[in-house]
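Chemist: Got target32.cif for you, mmCIF, C-alpha atoms:
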data_work
loop_
_atom_site.label_atom_id
_atom_site.label_comp_id
_atom_site.auth_asym_id
_atom_site.auth_seq_id
_atom_site.Cartn_x
_atom_site.Cartn_y
_atom_site.Cartn_z
CA ASP A 1 6.61 -63.11 -45.81
CA SER A 2 5.75 -64.51 -49.24
CA THR A 3 7.63 -65.38 -52.39
CA GLN A 4 6.52 -66.01 -55.98
CA LEU A 5 7.15 -69.40 -57.58
CA ASN A 6 7.90 -69.46 -61.29
CA ALA A 7 7.60 -72.70 -63.32
CA THR A 8 8.54 -73.11 -66.99
CA GLY A 9 8.54 -75.82 -69.70
CA ALA A 10 4.92 -77.03 -69.69
CA ASP A 11 1.47 -75.83 -70.69
CA SER A 12 -0.41 -76.66 -67.51
CA TYR A 13 0.74 -77.08 -63.95
CA ALA A 14 -0.33 -78.58 -60.64
CA TRP A 15 1.42 -77.71 -57.38
CA THR A 16 1.26 -79.92 -54.28
CA PRO A 17 0.63 -79.48 -51.51
CA PRO A 18 -1.68 -76.55 -52.26
CA ASN A 19 -1.27 -75.20 -48.73
CA ASP A 20 -0.40 -71.50 -48.48
CA LEU A 21 -0.42 -71.05 -52.27
CA SER A 22 -2.37 -68.27 -53.94
CA ASN A 23 -3.29 -70.66 -56.78
CA ASP A 24 -2.06 -74.22 -57.18
CA VAL A 25 -2.75 -74.60 -60.95
CA ILE A 26 -0.85 -71.63 -62.41
CA PHE A 27 2.82 -71.41 -63.23
CA ASN A 28 3.62 -68.52 -60.87
CA PRO A 29 1.62 -68.69 -57.61
CA TRP A 30 2.57 -66.77 -54.47
CA ALA A 31 3.67 -68.96 -51.58
CA SER A 32 3.60 -67.90 -47.92
CA PRO A 33 4.36 -71.02 -45.87
CA PRO A 34 4.82 -70.65 -42.10
CA SER A 35 7.77 -73.06 -42.10
CA THR A 36 10.20 -74.72 -44.51
CA ILE A 37 8.33 -76.78 -47.10
CA GLN A 38 8.86 -78.65 -50.38
CA TYR A 39 6.44 -77.92 -53.21
CA ASN A 40 6.10 -80.60 -55.90
CA LEU A 41 5.18 -79.58 -59.44
CA VAL A 42 3.61 -81.69 -62.18
CA GLY A 43 3.69 -80.20 -65.68
CA ILE A 44 1.80 -81.37 -68.80
CA ASP A 45 2.48 -80.22 -72.33
CA THR A 46 0.08 -80.11 -75.29
CA ASN A 47 0.99 -83.68 -76.25
CA GLY A 48 -0.11 -84.97 -72.85
CA CYS A 49 3.44 -85.71 -71.79
CA ILE A 50 4.04 -85.34 -68.07
CA ASN A 51 7.11 -84.42 -66.03
CA GLN A 52 7.68 -83.22 -62.51
CA ASP A 53 10.03 -81.13 -60.42
CA SER A 54 10.15 -79.78 -56.90
CA ILE A 55 11.34 -76.68 -55.03
CA VAL A 56 12.13 -76.15 -51.35
CA ILE A 57 11.12 -72.91 -49.71
CA SER A 58 13.26 -72.34 -46.61
CA VAL A 59 11.54 -70.22 -43.97
CA ASN A 60 13.77 -68.49 -41.49
CA PRO A 61 12.18 -67.63 -38.13
CA LEU A 62 11.73 -64.02 -37.13
CA PRO A 63 14.38 -62.71 -34.77
CA THR A 64 13.61 -63.20 -31.10
CA LEU A 65 13.50 -59.67 -29.74
CA SER A 66 13.64 -58.31 -26.24
CA THR A 67 14.07 -54.94 -24.59
CA GLY A 68 15.09 -53.70 -21.21
CA ILE A 69 12.59 -52.44 -18.69
CA ASN A 70 10.33 -49.50 -19.51
CA PRO A 71 12.23 -46.75 -17.68
CA THR A 72 10.80 -43.77 -15.82
CA ILE A 73 12.60 -40.43 -15.88
CA CYS A 74 11.98 -36.86 -14.81
CA GLU A 75 11.22 -34.17 -17.38
CA GLY A 76 14.48 -32.84 -18.76
CA ASP A 77 16.46 -35.99 -17.98
CA SER A 78 17.75 -38.61 -20.43
CA VAL A 79 17.99 -42.39 -20.35
CA GLN A 80 19.55 -45.15 -22.44
CA ILE A 81 17.10 -47.66 -23.94
CA ASN A 82 17.99 -51.07 -25.34
CA ALA A 83 16.78 -53.59 -27.91
CA PHE A 84 18.23 -57.09 -28.30
CA GLY A 85 18.00 -59.97 -30.76
CA GLY A 86 19.10 -58.59 -34.11
CA SER A 87 22.03 -57.28 -36.07
CA VAL A 88 20.51 -54.17 -37.66
CA TYR A 89 18.37 -51.65 -35.77
CA ASN A 90 16.19 -48.86 -37.09
CA TRP A 91 14.27 -46.88 -34.49
CA ILE A 92 11.00 -45.76 -36.04
CA THR A 93 10.29 -43.18 -33.34
CA THR A 94 12.77 -40.39 -34.05
CA ASP A 95 11.77 -37.78 -31.46
CA SER A 96 14.51 -36.82 -28.97
CA ILE A 97 16.86 -39.73 -29.75
CA SER A 98 20.65 -39.69 -30.11
CA ASP A 99 20.99 -42.29 -32.89
CA THR A 100 18.27 -44.23 -34.70
CA THR A 101 20.65 -46.93 -35.99
CA VAL A 102 22.09 -48.37 -32.77
CA SER A 103 20.63 -50.90 -30.36
CA ASN A 104 21.06 -48.65 -27.31
CA PRO A 105 20.37 -44.98 -28.08
CA THR A 106 19.97 -42.26 -25.49
CA VAL A 107 16.56 -40.55 -25.43
CA TRP A 108 15.17 -37.47 -23.69
CA PRO A 109 11.43 -37.18 -24.35
CA THR A 110 9.49 -34.33 -22.74
CA SER A 111 6.44 -36.54 -22.18
CA THR A 112 5.76 -40.26 -21.94
CA THR A 113 6.78 -41.76 -25.30
CA THR A 114 6.81 -45.25 -26.81
CA TYR A 115 9.87 -45.88 -28.97
CA PHE A 116 9.34 -48.48 -31.73
CA VAL A 117 12.29 -50.23 -33.36
CA LEU A 118 12.54 -52.41 -36.48
CA VAL A 119 15.13 -55.13 -35.90
CA SER A 120 16.65 -57.30 -38.65
CA ASP A 121 18.80 -60.42 -38.24
CA VAL A 122 21.55 -61.87 -40.43
CA ASN A 123 18.88 -63.49 -42.65
CA THR A 124 17.30 -60.02 -43.19
CA CYS A 125 14.22 -61.22 -41.33
CA ALA A 126 12.73 -58.32 -39.40
CA ASP A 127 10.30 -57.70 -36.57
CA THR A 128 9.37 -54.80 -34.36
CA THR A 129 9.40 -54.23 -30.63
CA SER A 130 9.05 -51.18 -28.43
CA VAL A 131 10.19 -49.48 -25.23
CA THR A 132 8.01 -47.00 -23.35
CA VAL A 133 9.78 -44.18 -21.52
CA ASN A 134 7.57 -42.76 -18.78
CA VAL A 135 8.20 -39.08 -18.06
CA ASN A 136 7.24 -37.47 -14.76
CA PRO A 137 6.88 -33.67 -14.90
CA LYS A 138 9.14 -31.48 -12.83
CA PRO A 139 7.58 -29.94 -9.71
CA ILE A 140 6.56 -26.29 -9.76
CA VAL A 141 8.95 -24.19 -7.69
CA ASP A 142 8.58 -20.43 -7.13
CA ALA A 143 11.24 -18.51 -5.24
CA GLY A 144 9.24 -15.28 -5.27
CA LEU A 145 10.03 -11.82 -6.62
CA ASP A 146 13.41 -10.11 -6.56
CA GLN A 147 13.88 -7.71 -3.65
CA ASP A 148 15.68 -4.42 -3.06
CA ILE A 149 16.99 -4.19 0.53
CA CYS A 150 18.95 -1.41 2.14
CA PHE A 151 22.38 -2.46 3.38
CA GLY A 152 22.17 -3.98 6.84
CA ASP A 153 18.41 -4.53 6.73
CA SER A 154 16.76 -7.93 7.09
CA THR A 155 14.24 -9.87 5.04
CA SER A 156 12.90 -13.40 4.62
CA LEU A 157 12.37 -15.70 1.66
CA ASN A 158 9.24 -17.77 1.19
CA GLY A 159 9.16 -20.46 -1.47
CA SER A 160 6.03 -22.03 -2.92
CA GLY A 161 4.99 -24.70 -5.40
CA ASN A 162 3.81 -28.30 -5.54
CA ALA A 163 7.07 -29.98 -4.49
CA SER A 164 7.05 -32.13 -1.37
CA SER A 165 10.21 -30.57 0.06
CA PHE A 166 12.11 -27.33 -0.44
CA SER A 167 15.61 -26.10 0.42
CA TRP A 168 17.47 -22.82 -0.04
CA ASN A 169 21.18 -22.46 -0.68
CA ASN A 170 23.43 -20.30 1.52
CA SER A 171 21.96 -21.92 4.66
CA ILE A 172 18.77 -19.86 4.34
CA LEU A 173 15.67 -21.25 6.03
CA ASP A 174 12.28 -20.68 4.44
CA GLY A 175 10.33 -17.93 6.21
CA VAL A 176 13.15 -17.11 8.65
CA ILE A 177 14.42 -13.52 8.74
CA PHE A 178 18.09 -12.97 7.92
CA GLN A 179 20.32 -9.95 7.43
CA VAL A 180 21.39 -8.94 3.94
CA GLY A 181 25.03 -7.90 3.61
CA SER A 182 25.50 -7.86 -0.16
CA THR A 183 23.67 -8.41 -3.42
CA GLN A 184 23.22 -12.13 -3.93
CA GLU A 185 21.21 -14.77 -5.80
CA TYR A 186 19.33 -17.26 -3.66
CA ILE A 187 18.32 -20.59 -5.21
CA LEU A 188 15.28 -22.57 -4.10
CA THR A 189 15.29 -26.29 -4.94
CA GLY A 190 12.14 -28.39 -4.73
CA THR A 191 11.84 -32.18 -4.86
CA ASP A 192 8.58 -34.07 -5.43
CA LEU A 193 7.55 -37.57 -4.38
CA ASN A 194 8.90 -39.01 -7.65
CA GLY A 195 12.35 -37.64 -6.89
CA CYS A 196 12.07 -35.05 -9.66
CA ILE A 197 13.88 -31.80 -8.93
CA SER A 198 13.24 -28.24 -10.07
CA SER A 199 14.67 -24.91 -8.99
CA ASP A 200 14.00 -21.20 -9.13
CA SER A 201 16.03 -18.23 -7.98
CA VAL A 202 15.52 -14.78 -6.54
CA ILE A 203 17.99 -11.90 -6.38
CA ILE A 204 18.21 -9.70 -3.30
CA ASN A 205 19.87 -6.41 -4.17
CA SER A 206 21.72 -4.79 -1.28
CA LEU A 207 21.35 -1.04 -1.79
CA ALA A 208 24.05 1.30 -0.53
CA LEU A 209 23.01 3.69 2.22
CA PRO A 210 22.89 7.38 1.30
CA ASN A 211 25.89 9.49 2.33
CA ILE A 212 24.14 12.12 4.44
CA ASP A 213 26.06 15.26 5.41
CA ALA A 214 24.60 17.67 7.99
CA GLY A 215 27.26 20.33 7.30
CA ASN A 216 29.90 21.86 9.55
CA ASN A 217 29.39 22.86 13.18
CA GLN A 218 28.40 26.52 13.58
CA SER A 219 28.56 29.19 16.32
CA ILE A 220 26.02 31.99 16.73
CA CYS A 221 25.20 34.68 19.28
CA ILE A 222 22.12 34.40 21.48
CA GLY A 223 19.19 35.74 19.52
CA ASP A 224 20.77 35.07 16.15
CA SER A 225 19.80 32.37 13.68
CA LEU A 226 21.47 30.40 10.92
CA GLN A 227 20.53 28.07 8.12
CA LEU A 228 21.39 24.39 8.27
CA ASN A 229 22.13 22.61 4.99
CA ALA A 230 21.91 18.80 4.70
CA SER A 231 22.84 16.91 1.56
CA GLY A 232 22.98 13.35 0.20
CA GLY A 233 19.30 12.43 0.44
CA SER A 234 15.95 13.29 -0.97
CA ASN A 235 14.01 13.61 2.31
CA TYR A 236 15.17 14.70 5.73
CA ILE A 237 14.11 14.69 9.38
CA TRP A 238 15.96 16.97 11.84
CA THR A 239 16.01 16.33 15.58
CA PRO A 240 15.43 17.78 18.05
CA ASN A 241 12.44 19.60 16.66
CA THR A 242 13.10 22.73 18.69
CA PHE A 243 14.04 26.26 17.64
CA ILE A 244 13.78 25.15 14.02
CA THR A 245 11.51 26.47 11.26
CA ASP A 246 10.83 23.09 9.54
CA ASN A 247 12.48 19.84 10.53
CA THR A 248 11.48 18.09 7.28
CA ILE A 249 13.53 20.11 4.79
CA ALA A 250 17.21 20.07 3.89
CA ASN A 251 17.89 23.69 4.87
CA PRO A 252 15.79 24.86 7.83
CA ILE A 253 16.52 28.01 9.89
CA VAL A 254 17.44 27.39 13.53
CA ALA A 255 17.73 29.88 16.43
CA PRO A 256 18.62 27.95 19.60
CA ASN A 257 19.29 29.91 22.81
CA VAL A 258 21.56 27.17 24.22
CA ASN A 259 24.20 24.92 22.69
CA THR A 260 22.24 22.42 20.59
CA GLN A 261 23.32 19.45 18.53
CA TYR A 262 21.05 18.81 15.58
CA PHE A 263 20.90 15.36 13.96
CA VAL A 264 19.54 14.75 10.50
CA LEU A 265 18.14 11.47 9.16
CA GLY A 266 18.23 11.40 5.37
CA THR A 267 16.31 9.08 3.07
CA ASP A 268 17.19 8.50 -0.59
CA THR A 269 14.88 7.69 -3.51
CA SER A 270 15.17 3.93 -2.74
CA GLY A 271 13.94 4.44 0.80
CA CYS A 272 17.32 3.78 2.38
CA LYS A 273 18.15 5.88 5.42
CA ASN A 274 21.31 7.15 7.07
#
Kindly transcribe the structure held in the file into structure tokens.
Modeler:
Amino acid sequence: DSTQLNATGADSYAWTPPNDLSNDVIFNPWASPPSTIQYNLVGIDTNGCINQDSIVISVNPLPTLSTGINPTICEGDSVQINAFGGSVYNWITTDSISDTTVSNPTVWPTSTTTYFVLVSDVNTCADTTSVTVNVNPKPIVDAGLDQDICFGDSTSLNGSGNASSFSWNNSILDGVIFQVGSTQEYILTGTDLNGCISSDSVIINSLALPNIDAGNNQSICIGDSLQLNASGGSNYIWTPNTFITDNTIANPIVAPNVNTQYFVLGTDTSGCKN
């Protein structure tokens, strides 16, 4: 820092020592000594009379600052950073910081960021220091697309991404077929080599089976025919495919010559069968 001296009472002046003075022969030079020093002043008036005085400039040292280690976090996490050595703190970097006026704020940068802080001591002397927070990105984790599964059917889940390890909740194993009993969300968690964790989810919808009705049992005479009438689906397959006009419609005509039990397999618009 520097300070301006200001002499009065004479017409010409000479400051000694001249070290760290902007001008040693004017009444108001700027002084910027690196340590405490006494400046002596000789003043002469227009009559040639001489007198002298002195002034001591006390130089307080800058605060001795230190910080904790430069931490490393995962994207989305937070960490507490610290500065030491002063009494007043003013963090110059204001991005993603809880409080810019404390020595130990919490920060949550989305990318590697250096936080600078201006620290003042009880003498109002100030200096700056910094802490760098290294941010590792989260791994990419993809659980796949949502699925629609008919009740009682089976499927498998296959996760992907750049994580080094993956795990599913609900005791599901990646790529292993399992039976779906109800609609449920399945969460895939991936961890990379830095210990950073990310997750994604997929929903498997368990679709209700169609309520297929083949109609009531019927009796006919040999040589007669009757019309069957299935309901509850959108497509049908009748078996056996004998003595029947069309086994792929809801209401075919049948004319069996022996007692025959007809079964119908119905499929709804979601592809579920019953």
Chemist: Please write as an MDAnalysis selection string the full residue list that the PyMOL selection byres ((chain A and resi 140-153) around 10) yields on this file.
Modeler: chainID A and resid 137:139 154:155 157:163 166 168 174 178:183 185:192 197:210 270:273
Chemist: How would you write, as a list in words, the residues chosen by the PyMOL selection byres ((chain A and resi 42-51) around 7) on this structure?
Modeler: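 So the PyMOL selection byres ((chain A and resi 42-51) around 7) ends up selecting Ala10, Asp11, Ser12, Tyr13, Ala14, Trp15, Asn40, Leu41, Gln52 and Asp53 of chain A.
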Chemist: Report the distance between atom CA of A:Ser111 and atom CA of A:Ile81 in Å, rounded to one decimal place.
Modeler: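 Answer for the atom CA of A:Ser111 to atom CA of A:Ile81 separation: 15.5 Å.
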Chemist: With 6 Å of padding per side, what axis-aligned box (centre and edge lengths, Å, one decimal) covers all the listed atoms of stretch 31-37 of chain A? Give it as lines of an AutoDock Vina configuration file.
Modeler:
center_x = 6.9
center_y = -72.3
center_z = -46.8
size_x = 18.6
size_y = 20.9
size_z = 21.5
Chemist: Restricting the calculation to only C-alpha atoms, which member of A:Ser96, A:Asn134, A:Asn28, A:Asn259 is positioned closest to A:Pro71?
Modeler: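 The shortest atom-to-atom distance to A:Pro71 comes from A:Asn134.
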Chemist: Would you please work out which residue, of A:Gly232, A:Val56, A:Asn241, A:Pro256, is nearest to A:Asp268 when using only C-alpha atoms?
Modeler: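 Smallest separation from A:Asp268 among the options: A:Gly232.
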Chemist: Please expand the PyMOL selection byres ((chain A and resi 73) around 9) into the concrete residues it hits in this file, giving the result as a CSV table (one decimal) with C-alpha atoms, in the frame of the given file.
Modeler:
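Below you can see expr.csv, which holds the result:
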chain,number,residue,atom,x,y,z
A,71,PRO,CA,12.2,-46.8,-17.7
A,72,THR,CA,10.8,-43.8,-15.8
A,74,CYS,CA,12.0,-36.9,-14.8
A,75,GLU,CA,11.2,-34.2,-17.4
A,76,GLY,CA,14.5,-32.8,-18.8
A,77,ASP,CA,16.5,-36.0,-18.0
A,78,SER,CA,17.8,-38.6,-20.4
A,79,VAL,CA,18.0,-42.4,-20.4
A,108,TRP,CA,15.2,-37.5,-23.7
A,133,VAL,CA,9.8,-44.2,-21.5
A,134,ASN,CA,7.6,-42.8,-18.8
A,135,VAL,CA,8.2,-39.1,-18.1
A,136,ASN,CA,7.2,-37.5,-14.8
A,137,PRO,CA,6.9,-33.7,-14.9
A,196,CYS,CA,12.1,-35.0,-9.7
Chemist: Please report as JSON lines every residue of stretch 34-91 of chain A lying within 10 Å of stretch 99-106 of chain A, along with the nearest atom pair and their distance in Å (one decimal), using only C-alpha atoms.
Modeler:
{"residue": "A:Thr67", "atom": "CA", "partner": "A:Ser103", "partner_atom": "CA", "distance": 9.6}
{"residue": "A:Gly68", "atom": "CA", "partner": "A:Asn104", "partner_atom": "CA", "distance": 9.9}
{"residue": "A:Ser78", "atom": "CA", "partner": "A:Thr106", "partner_atom": "CA", "distance": 6.6}
{"residue": "A:Val79", "atom": "CA", "partner": "A:Thr106", "partner_atom": "CA", "distance": 5.5}
{"residue": "A:Gln80", "atom": "CA", "partner": "A:Thr106", "partner_atom": "CA", "distance": 4.2}
{"residue": "A:Ile81", "atom": "CA", "partner": "A:Asn104", "partner_atom": "CA", "distance": 5.3}
{"residue": "A:Asn82", "atom": "CA", "partner": "A:Asn104", "partner_atom": "CA", "distance": 4.4}
{"residue": "A:Ala83", "atom": "CA", "partner": "A:Ser103", "partner_atom": "CA", "distance": 5.3}
{"residue": "A:Phe84", "atom": "CA", "partner": "A:Ser103", "partner_atom": "CA", "distance": 7.0}
{"residue": "A:Gly85", "atom": "CA", "partner": "A:Ser103", "partner_atom": "CA", "distance": 9.5}
{"residue": "A:Gly86", "atom": "CA", "partner": "A:Ser103", "partner_atom": "CA", "distance": 8.7}
{"residue": "A:Ser87", "atom": "CA", "partner": "A:Ser103", "partner_atom": "CA", "distance": 8.7}
{"residue": "A:Val88", "atom": "CA", "partner": "A:Thr101", "partner_atom": "CA", "distance": 7.4}
{"residue": "A:Tyr89", "atom": "CA", "partner": "A:Thr101", "partner_atom": "CA", "distance": 5.2}
{"residue": "A:Asn90", "atom": "CA", "partner": "A:Thr101", "partner_atom": "CA", "distance": 5.0}
{"residue": "A:Trp91", "atom": "CA", "partner": "A:Thr100", "partner_atom": "CA", "distance": 4.8}
Chemist: Can you work out the spacing between atom CA of A:Asp20 and atom CA of A:Asn60 in Å, to one decimal?
Modeler: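 Pair atom CA of A:Asp20 / atom CA of A:Asn60 returns 16.1 Å.
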Chemist: Could you work out how far atom CA of A:Gln38 lies from atom CA of A:Val25, giving the answer in Å with one decimal?
Modeler: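 Calculated distance between atom CA of A:Val25 and atom CA of A:Gln38 is 16.2 Å.
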Chemist: Would you pick out the contacts of stretch 248-251 of chain A at 9 Å or less, using all atoms listed in the file, so that residues sharing its chain but fewer than 2 positions from it are not included, and give the list as a list in words?
Modeler: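 So the residues in contact are Ala214, Gln227, Leu228, Asn229, Ala230, Ser231, Gly233, Ser234, Asn235, Tyr236, Ile237, Trp238, Asp246, Ile253, Val264 and Gly266 of chain A.
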Chemist: Got time to write the residues from that selection, C-alpha atoms, as a short mmCIF file (atom, residue, chain, number, x, y, z; two decimals), keeping the file's coordinate frame?
Modeler:
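Below you can see out25.cif, which holds the result:
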data_model
loop_
_atom_site.label_atom_id
_atom_site.label_comp_id
_atom_site.auth_asym_id
_atom_site.auth_seq_id
_atom_site.Cartn_x
_atom_site.Cartn_y
_atom_site.Cartn_z
CA ALA A 214 24.60 17.67 7.99
CA GLN A 227 20.53 28.07 8.12
CA LEU A 228 21.39 24.39 8.27
CA ASN A 229 22.13 22.61 4.99
CA ALA A 230 21.91 18.80 4.70
CA SER A 231 22.84 16.91 1.56
CA GLY A 233 19.30 12.43 0.44
CA SER A 234 15.95 13.29 -0.97
CA ASN A 235 14.01 13.61 2.31
CA TYR A 236 15.17 14.70 5.73
CA ILE A 237 14.11 14.69 9.38
CA TRP A 238 15.96 16.97 11.84
CA ASP A 246 10.83 23.09 9.54
CA ILE A 253 16.52 28.01 9.89
CA VAL A 264 19.54 14.75 10.50
CA GLY A 266 18.23 11.40 5.37
#
